[in-house]
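Undergrad: Below you'll find the structure I mean.
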Number of protein chains: 2
Amino acid sequence: MYTLYGYPKTRSVRVAWALEEIGLPYEYKLIDLKQGQHLSDDYKAVSPSAKIPVLATPEGTLSESAAIVTYLAERHGMQEFIPEPGSFSRAKYEEMMLFLTSELEQPVWNLAKHTFALPESQRLEEMHGVSAWEFQRALRVFASMLGGNEFVCGNMFTMADVIAGHILAWAKGSKLAIDFQNISDYAQRVLSREAYERAWRGEMSHLPAQ
Amino acid sequence: MYTLYGYPKTRSVRVAWALEEIGLPYEYKLIDLKQGQHLSDDYKAVSPSAKIPVLATPEGTLSESAAIVTYLAERHGMQEFIPEPGSFSRAKYEEMMLFLTSELEQPVWNLAKHTFALPESQRLEEMHGVSAWEFQRALRVFASMLGGNEFVCGNMFTMADVIAGHILAWAKGSKLAIDFQNISDYAQRVLSREAYERAWRGEMSHLPAQ
């Protein structure tokens with residue numbers, strides 16, 4: 001049984017989504033970011049860098065959401081959700097994962113960093129505009145990579161769609177414009193999957209009552 | 001035969017290094033960034049996003065250096081350079097690759113972006129200090145991940161060391177401080193490999209005479 005350490009409206013929903021797609025049962029441990037629980041000694045024993053999500057597996061803990069979802073698909077996906085290792089399609093999947101995490105996500109993350117996630121002394125308000133500009137540049141590249149495909153690796157839903165879908169949902173939530181029809185249609189397509197809804201509802205259900 | 005599109009002192013050295021480690025012959029095509037050759041129509045037909053490196057393979061082109069080196073190891077590494085797909089060690093390799101490209105590299109890249117790589121209107125001098133601060137934070141995490149290991153995935157040299165080694169060389173070249181003994185020793189260990197020297201010397205030999 002896996003244990004997912006997470007918090008609603010963070011990257012942990014990606015892992016919950018992957019678990020729901022595959023149909024794996026898991027225990028969910030809420031790490032209450034608002035109470036600073038990620039900085040506690042108990043959590044640091046699980047995650048030395050104090051990051052979420054972390055997936056505890058029988059063999060040890062894993063961080064980095066894109067690595068975790070790839071691992072889950074490889075272990076349990078039964079040739080769904082990820083192209084065969086060693087194939088050219090798998091290389092394109094890895095290319096997409098790296099583009100998504102290092103190009104498309106970084107401006108969204110920079111916007112969050114310079115709004116609330118960095119210590120106040122390191123935040124620059126001017127980075128809001130730069131982040132929006134960089135996001136549009138990455139989005140243009142993404143639109144051309146996606147083209148008329150149903151999913152980011154062609155016509156097969158893969159774990160790269162979990163990452164892309166979440167980045168686009170996060171960008172929308174951060175009021176970043178997405179003015180490419182193929183991307184809006186794509187976001188609609190992946191974010192309407194039942195497994196995504198089960199994932200974020202599941203996370204929300206662990207929040208303490210107000 | 002592979003064709004590597006690159007330019008000295010860029011991320012293309014990672015791919016050249018991986019090719020040299022495995023011992024694969026390759027053709028090298030210099031894309032003269034100083035002459036704006038990456039923006040030419042000819043190159044855009046190879047790389048729509050105008051990025052380097054690109055590896056042309058018999059099945060199509062690949063971008064994203066970390067994806068390319070993983071692909072090369074999987075195709076030709078003969079159980080060297082990368083842990084077995086589906087193993088927990090492979091998941092740790094992927095975790096490391098993602099940490100390296102999305103955490104350790106981003107501050108180094110941000111420093112370059114806000115020094116010369118972004119259009120002037122988007123550059124912020126204040127980002128130099130923020131980048132240095134973020135690099136130190138990521139370096140602290142990296143020092144604890146590395147611990148006393150010889151390589152980033154334990155005692156086996158993998159393609160993740162190609163990426164880590166290059167990021168550290170780049171950081172040093174950008175005058176970012178690396179005050180962790182285990183990281184300095186590690187950088188020395190991986191950057192003294194013959195394949196790395198062959199890679200960067202090979203790239204330099206393609207530069208037009210001044």
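We label chains A, B, ... in the order they appear in the structure tokens, count residues from 1 in each chain, and number ligands from 1 in the order shown.
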Restrict the calculation to only C-alpha atoms, then for each residue of chain A with any atom at most 6 Å from an atom of chain B give the closest atom pair and their distance in Å to one decimal, rows by chain and rising residue number, as JSON lines.

TA:
{"residue": "A:Glu64", "atom": "CA", "partner": "B:Glu95", "partner_atom": "CA", "distance": 5.6}
{"residue": "A:Ala67", "atom": "CA", "partner": "B:Glu95", "partner_atom": "CA", "distance": 5.1}
{"residue": "A:Tyr71", "atom": "CA", "partner": "B:Ala91", "partner_atom": "CA", "distance": 5.7}
{"residue": "A:Glu74", "atom": "CA", "partner": "B:Gly86", "partner_atom": "CA", "distance": 5.5}
{"residue": "A:Arg75", "atom": "CA", "partner": "B:Gly86", "partner_atom": "CA", "distance": 5.6}
{"residue": "A:Gly86", "atom": "CA", "partner": "B:Glu74", "partner_atom": "CA", "distance": 5.4}
{"residue": "A:Ala91", "atom": "CA", "partner": "B:Tyr71", "partner_atom": "CA", "distance": 5.7}
{"residue": "A:Glu94", "atom": "CA", "partner": "B:Ala67", "partner_atom": "CA", "distance": 5.3}
{"residue": "A:Glu95", "atom": "CA", "partner": "B:Ala67", "partner_atom": "CA", "distance": 5.1}
{"residue": "A:Ser102", "atom": "CA", "partner": "B:Ser102", "partner_atom": "CA", "distance": 5.5}
{"residue": "A:Gln122", "atom": "CA", "partner": "B:Val130", "partner_atom": "CA", "distance": 5.8}
{"residue": "A:Val130", "atom": "CA", "partner": "B:Gln122", "partner_atom": "CA", "distance": 5.8}

Undergrad: Return as a ChimeraX atom specification the full set of residues in stretch 88-185 of chain A whose backbone-based DSSP assignment is helix (DSSP H, G or I).

TA: /A:88-117,120-122,126-146,159-173,181-185

Undergrad: For a test of reading the model, state the distance in Å between atom CA of B:Ala160 and atom CA of A:Lys113, rounded to one decimal.

TA: 26.5 Å

Undergrad: Step one, run DSSP on the backbone; step two, keep only residues of chain A assigned to strand (DSSP E); then write them as an MDAnalysis selection string.

TA: chainID A and resid 2:6 26:30 54:57 60:62

Undergrad: Once you have the residues from the selection above, write them out as a PDB file, in the first residue's frame, restricted to C-alpha atoms.

TA:
ATOM      1  CA  TYR A   2       1.278   3.418  -0.930  1.00  0.00           C
ATOM      2  CA  THR A   3       1.079   6.478   1.289  1.00  0.00           C
ATOM      3  CA  LEU A   4       0.759   9.869  -0.358  1.00  0.00           C
ATOM      4  CA  TYR A   5       1.811  12.921   1.643  1.00  0.00           C
ATOM      5  CA  GLY A   6       0.068  15.941   0.222  1.00  0.00           C
ATOM      6  CA  TYR A  26      -3.556   4.489  -1.176  1.00  0.00           C
ATOM      7  CA  GLU A  27      -3.424   6.086   2.203  1.00  0.00           C
ATOM      8  CA  TYR A  28      -3.455   9.884   2.213  1.00  0.00           C
ATOM      9  CA  LYS A  29      -1.611  11.882   4.835  1.00  0.00           C
ATOM     10  CA  LEU A  30      -2.427  15.553   4.917  1.00  0.00           C
ATOM     11  CA  VAL A  54       6.111  12.444  -1.302  1.00  0.00           C
ATOM     12  CA  LEU A  55       5.074   8.888  -2.038  1.00  0.00           C
ATOM     13  CA  ALA A  56       6.081   6.311   0.563  1.00  0.00           C
ATOM     14  CA  THR A  57       6.573   2.935  -1.103  1.00  0.00           C
ATOM     15  CA  GLY A  60      11.546   3.848   0.212  1.00  0.00           C
ATOM     16  CA  THR A  61      10.197   7.346  -0.391  1.00  0.00           C
ATOM     17  CA  LEU A  62      10.018   9.209  -3.679  1.00  0.00           C
TER      18      LEU A  62
END

Undergrad: Taking 6 positions as the minimum chain separation for residues in the same chain, which residues sit within 6 Å of stretch 14-20 of chain A when counting only C-alpha atoms? Answer as a ChimeraX atom specification.

TA: /A:69,195-196,199

Undergrad: Please write the residues from the selection above to a file, keeping N, CA and C atoms, as a JSON list (two decimals), in the first residue's frame.

TA:
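Contents of out_12.json, freshly written:
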[["chain", "number", "residue", "atom", "x", "y", "z"],
["A", 69, "VAL", "N", 4.80, 9.77, -10.88],
["A", 69, "VAL", "CA", 3.74, 9.27, -11.77],
["A", 69, "VAL", "C", 4.32, 8.33, -12.83],
["A", 195, "ALA", "N", -10.98, 10.46, -12.98],
["A", 195, "ALA", "CA", -9.90, 10.21, -12.02],
["A", 195, "ALA", "C", -9.36, 11.52, -11.44],
["A", 196, "TYR", "N", -9.35, 12.58, -12.25],
["A", 196, "TYR", "CA", -8.88, 13.88, -11.75],
["A", 196, "TYR", "C", -9.85, 14.42, -10.71],
["A", 199, "ALA", "N", -9.46, 12.61, -7.55],
["A", 199, "ALA", "CA", -8.21, 12.98, -6.89],
["A", 199, "ALA", "C", -8.36, 14.28, -6.09]]

Undergrad: Enter the distance from atom CA of A:Ala187 to atom CA of A:Gly23, in Å, rounded to one decimal.

TA: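 Going from atom CA of A:Ala187 over to atom CA of A:Gly23 covers 22.0 Å.
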